[in-house]
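Structure file my_file.json with JSON, C-alpha atoms:
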```json
[["chain", "number", "residue", "atom", "x", "y", "z"],
["W", 14, "MET", "CA", -25.57, 13.57, -55.30],
["W", 15, "ASN", "CA", -27.66, 15.36, -57.89],
["W", 16, "SER", "CA", -29.36, 18.40, -56.28],
["W", 17, "ARG", "CA", -32.63, 17.35, -57.92],
["W", 18, "TRP", "CA", -32.70, 14.34, -55.56],
["W", 19, "ARG", "CA", -31.80, 16.31, -52.41],
["W", 20, "ARG", "CA", -35.47, 17.11, -51.80],
["W", 21, "VAL", "CA", -38.01, 14.37, -51.41],
["W", 22, "LYS", "CA", -41.74, 14.34, -50.92],
["W", 23, "ARG", "CA", -42.96, 13.79, -47.42],
["W", 24, "CYS", "CA", -46.36, 12.29, -46.86],
["W", 25, "PHE", "CA", -48.33, 13.68, -43.94],
["W", 26, "THR", "CA", -51.61, 11.86, -44.14],
["W", 27, "CYS", "CA", -53.81, 9.73, -46.34],
["W", 28, "SER", "CA", -57.40, 10.81, -46.57],
["W", 29, "ALA", "CA", -60.60, 10.58, -48.56],
["W", 30, "LEU", "CA", -60.45, 14.35, -48.65],
["W", 31, "PRO", "CA", -61.68, 16.28, -51.70],
["W", 32, "ALA", "CA", -59.04, 18.65, -53.08],
["W", 33, "PRO", "CA", -59.35, 21.87, -51.04],
["W", 34, "THR", "CA", -58.51, 24.15, -53.97],
["W", 35, "SER", "CA", -58.31, 23.83, -57.71],
["W", 36, "SER", "CA", -54.52, 24.29, -57.51],
["W", 37, "GLY", "CA", -54.16, 21.35, -55.18],
["W", 38, "LYS", "CA", -52.55, 23.56, -52.54],
["W", 39, "VAL", "CA", -53.43, 23.35, -48.86],
["W", 40, "GLU", "CA", -53.18, 26.26, -46.46],
["W", 41, "GLY", "CA", -50.16, 25.92, -44.18],
["W", 42, "THR", "CA", -46.57, 24.77, -44.37],
["W", 43, "GLY", "CA", -44.73, 21.50, -44.06],
["W", 44, "VAL", "CA", -42.58, 20.34, -41.17],
["W", 45, "ASP", "CA", -39.84, 22.83, -42.05],
["W", 46, "GLY", "CA", -42.25, 25.74, -41.49],
["W", 47, "ALA", "CA", -41.48, 27.22, -44.92],
["W", 48, "LEU", "CA", -42.43, 24.99, -47.86],
["W", 49, "SER", "CA", -46.04, 24.70, -49.01],
["W", 50, "LEU", "CA", -48.41, 21.79, -48.59],
["W", 51, "TRP", "CA", -50.34, 20.33, -51.49],
["W", 52, "VAL", "CA", -52.66, 17.48, -52.39],
["W", 53, "ILE", "CA", -51.63, 14.48, -54.44],
["W", 54, "ARG", "CA", -54.69, 12.67, -55.75],
["W", 55, "THR", "CA", -54.49, 9.03, -56.68],
["W", 56, "SER", "CA", -56.46, 7.36, -59.43],
["W", 57, "THR", "CA", -58.70, 6.06, -56.64],
["W", 58, "ASP", "CA", -60.70, 8.03, -54.07],
["W", 59, "LEU", "CA", -57.66, 8.64, -51.84],
["W", 60, "CYS", "CA", -55.32, 11.59, -51.67],
["W", 61, "ALA", "CA", -52.30, 12.58, -49.63],
["W", 62, "ILE", "CA", -51.24, 15.89, -48.15],
["W", 63, "VAL", "CA", -47.51, 16.36, -48.81],
["W", 64, "SER", "CA", -44.63, 18.79, -48.65],
["W", 65, "GLU", "CA", -40.99, 18.63, -49.64],
["W", 66, "VAL", "CA", -38.18, 18.17, -47.14],
["W", 67, "SER", "CA", -34.43, 18.07, -47.44],
["W", 68, "LEU", "CA", -33.19, 14.51, -47.82],
["W", 69, "GLU", "CA", -30.29, 15.28, -45.49],
["W", 70, "ASP", "CA", -32.72, 16.26, -42.71],
["W", 71, "PHE", "CA", -34.23, 12.77, -42.58],
["W", 72, "CYS", "CA", -31.65, 10.33, -44.01],
["W", 73, "GLY", "CA", -28.13, 9.37, -43.00],
["W", 74, "ALA", "CA", -26.00, 9.39, -39.87],
["W", 75, "ALA", "CA", -26.47, 13.11, -39.17],
["W", 76, "ALA", "CA", -30.25, 12.70, -39.50],
["W", 77, "GLU", "CA", -30.21, 9.85, -36.97],
["W", 78, "LEU", "CA", -28.53, 12.18, -34.47],
["W", 79, "ARG", "CA", -31.01, 14.99, -35.27],
["W", 80, "MET", "CA", -33.94, 12.64, -34.63],
["W", 81, "GLN", "CA", -32.59, 12.21, -31.07],
["W", 82, "ASP", "CA", -32.47, 15.99, -30.55],
["W", 83, "LEU", "CA", -35.77, 17.13, -29.03],
["W", 84, "VAL", "CA", -35.00, 20.78, -29.84],
["W", 85, "TRP", "CA", -34.85, 19.85, -33.55],
["W", 86, "VAL", "CA", -37.65, 17.26, -33.58],
["W", 87, "ALA", "CA", -40.29, 18.99, -31.42],
["W", 88, "PRO", "CA", -41.27, 21.92, -33.67],
["W", 89, "ARG", "CA", -41.36, 19.66, -36.73],
["W", 90, "ALA", "CA", -43.44, 17.02, -34.96],
["W", 91, "VAL", "CA", -45.85, 19.73, -33.78],
["W", 92, "ARG", "CA", -46.22, 21.08, -37.35],
["W", 93, "HIS", "CA", -46.82, 17.51, -38.56],
["W", 94, "GLU", "CA", -49.59, 17.10, -35.97],
["W", 95, "GLU", "CA", -51.10, 20.48, -36.89],
["W", 96, "VAL", "CA", -51.45, 19.37, -40.51],
["W", 97, "VAL", "CA", -53.06, 16.09, -39.46],
["W", 98, "GLU", "CA", -55.51, 17.94, -37.17],
["W", 99, "LYS", "CA", -56.38, 20.48, -39.88],
["W", 100, "VAL", "CA", -57.23, 17.71, -42.33],
["W", 101, "ARG", "CA", -59.05, 15.71, -39.63],
["W", 102, "CYS", "CA", -61.51, 18.59, -39.23],
["W", 103, "GLN", "CA", -62.57, 18.11, -42.87],
["W", 104, "SER", "CA", -62.27, 14.38, -43.43],
["W", 105, "PRO", "CA", -61.35, 11.08, -41.82],
["W", 106, "VAL", "CA", -57.57, 10.74, -41.66],
["W", 107, "LEU", "CA", -54.94, 8.03, -41.58],
["W", 108, "PRO", "CA", -51.89, 9.85, -40.22],
["W", 109, "VAL", "CA", -48.53, 8.53, -41.31],
["W", 110, "ARG", "CA", -45.61, 8.32, -38.93],
["W", 111, "PHE", "CA", -43.48, 11.45, -38.57],
["W", 112, "GLY", "CA", -40.49, 11.10, -40.90],
["W", 113, "THR", "CA", -42.19, 8.95, -43.54],
["W", 114, "LEU", "CA", -40.62, 9.72, -46.91],
["W", 115, "PHE", "CA", -41.54, 9.00, -50.51],
["W", 116, "SER", "CA", -38.92, 9.77, -53.15],
["W", 117, "THR", "CA", -41.45, 10.64, -55.88],
["W", 118, "PRO", "CA", -45.17, 11.35, -56.18],
["W", 119, "GLU", "CA", -45.38, 8.15, -58.23],
["W", 120, "SER", "CA", -43.96, 6.05, -55.38],
["W", 121, "LEU", "CA", -46.55, 7.57, -53.04],
["W", 122, "GLU", "CA", -49.35, 6.89, -55.53],
["W", 123, "GLU", "CA", -48.10, 3.31, -55.93],
["W", 124, "PHE", "CA", -48.12, 2.82, -52.14],
["W", 125, "LEU", "CA", -51.65, 4.19, -51.85],
["W", 126, "GLY", "CA", -52.78, 1.99, -54.73],
["W", 127, "LEU", "CA", -51.27, -1.14, -53.18],
["W", 128, "HIS", "CA", -52.91, -0.43, -49.81],
["W", 129, "HIS", "CA", -56.11, 1.15, -51.10],
["W", 130, "GLN", "CA", -58.52, -1.38, -49.62],
["W", 131, "THR", "CA", -56.95, -1.36, -46.15],
["W", 132, "ILE", "CA", -56.72, 2.45, -46.05],
["W", 133, "SER", "CA", -60.29, 2.89, -47.32],
["W", 134, "GLN", "CA", -61.64, 0.43, -44.74],
["W", 135, "PHE", "CA", -59.82, 2.30, -41.98],
["W", 136, "LEU", "CA", -61.14, 5.67, -43.18],
["W", 137, "ASP", "CA", -64.69, 4.28, -43.35],
["W", 138, "ARG", "CA", -64.35, 2.87, -39.82],
["W", 139, "VAL", "CA", -63.16, 6.18, -38.28],
["W", 140, "ALA", "CA", -65.32, 8.53, -40.38],
["W", 141, "ASP", "CA", -67.57, 9.72, -37.55],
["W", 142, "LEU", "CA", -65.21, 9.16, -34.62],
["W", 143, "ASP", "CA", -63.08, 11.54, -32.58],
["W", 144, "GLU", "CA", -59.75, 10.77, -30.97],
["W", 145, "TRP", "CA", -59.44, 11.51, -27.27],
["W", 146, "SER", "CA", -56.53, 11.25, -24.91],
["W", 147, "VAL", "CA", -57.08, 10.85, -21.19],
["W", 148, "LYS", "CA", -54.49, 11.00, -18.42],
["W", 149, "ALA", "CA", -55.21, 9.90, -14.87],
["W", 150, "PHE", "CA", -53.16, 10.72, -11.80],
["W", 151, "SER", "CA", -53.49, 9.18, -8.39],
["W", 152, "THR", "CA", -52.60, 10.76, -5.08],
["W", 153, "GLU", "CA", -52.78, 7.39, -3.34],
["W", 154, "SER", "CA", -49.54, 5.67, -2.49],
["W", 155, "LYS", "CA", -48.55, 2.44, -4.18],
["W", 156, "PRO", "CA", -49.56, -0.81, -2.49],
["W", 157, "GLY", "CA", -47.20, -1.63, 0.33],
["W", 158, "LYS", "CA", -45.99, 1.98, 0.64],
["W", 159, "PRO", "CA", -47.20, 4.39, 3.34]]
```

Rewrite the structure from the file as structure tokens, please.
Amino acid sequence: MNSRWRRVKRCFTCSALPAPTSSGKVEGTGVDGALSLWVIRTSTDLCAIVSEVSLEDFCGAAAELRMQDLVWVAPRAVRHEEVVEKVRCQSPVLPVRFGTLFSTPESLEEFLGLHHQTISQFLDRVADLDEWSVKAFSTESKPGKP
């Protein structure tokens, strides 16, 4: 395999976010904790926050085993969530699933173009909303149990 294709773009989130800097860079690192984040703008009003990852980390038999290993997955999933939360503080966000890969910026732009209306409607709908998670615990026993 050509080494040029061993790294692929990884999409973190789609957002109506204005580019944070003129260079298109975003503060922080990708899921590997080392490579930079940056903004890919589409020809529409959408953009994506991306970083590169090793193809071998997310594709193939070894990757399938790694995705079952919580010690490997957990820190990467946490970094993924941190990026989503950082962007969410500035703009409405449509987070993509952890492990979503695009082989080229053009394939990502094509995806965003094809789904522009749906993504834009979602972003408009959640623009002034916050996400909350609530857990409830009961000390009462289950019905039929003392």

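Comparing W:Glu122, W:Leu68, W:Gly73, W:Leu107 by their smallest distance to Val52 in chain W, the closest is W:Glu122 (using only C-alpha atoms).
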
TODO: Might you pull out every residue within 12 Å of Gly43 in chain W, with all atoms listed in the file counted and same-chain residues fewer than 2 positions away left off, and present them as a PyMOL selection string?
DONE: chain W and resi 22-26+38-41+45-51+62-67+88-97+111-112

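Minimum atom-to-atom distances from W:Leu136, W:Cys72, W:Val106, W:Val44 to Val86 in chain W were compared using all atoms listed in the file, and the lowest value belongs to W:Val44.
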
TODO: Select, from W:Ile53, W:Ala140, W:Cys60, W:Ile132, the residue with the minimum atom-to-atom distance to Pro105 in chain W, counting only C-alpha atoms.
DONE: W:Ala140

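Minimum atom-to-atom distances from W:Gln103, W:Thr57, W:Thr42, W:Gln81 to Leu125 in chain W were compared using all atoms listed in the file, and the lowest value belongs to W:Thr57.
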
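Considering only C-alpha atoms, the residue among W:Thr113, W:Thr152, W:Gln130, W:Ser120 positioned nearest to Asp70 in chain W is W:Thr113.
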
Task: Atom pair CA of Val139 in chain W / CA of Val100 in chain W: separation (Å) - done: 13.6 Å

- [ ] Quick one: pull the distance between CA of Leu59 in chain W and CA of His129 in chain W, Å, one decimal.
- [x] 7.7 Å

Open item on the list: Rounded to one decimal, what separation in Å do you get between CA of Gly126 in chain W and CA of Arg110 in chain W?
Closed with: 18.5 Å
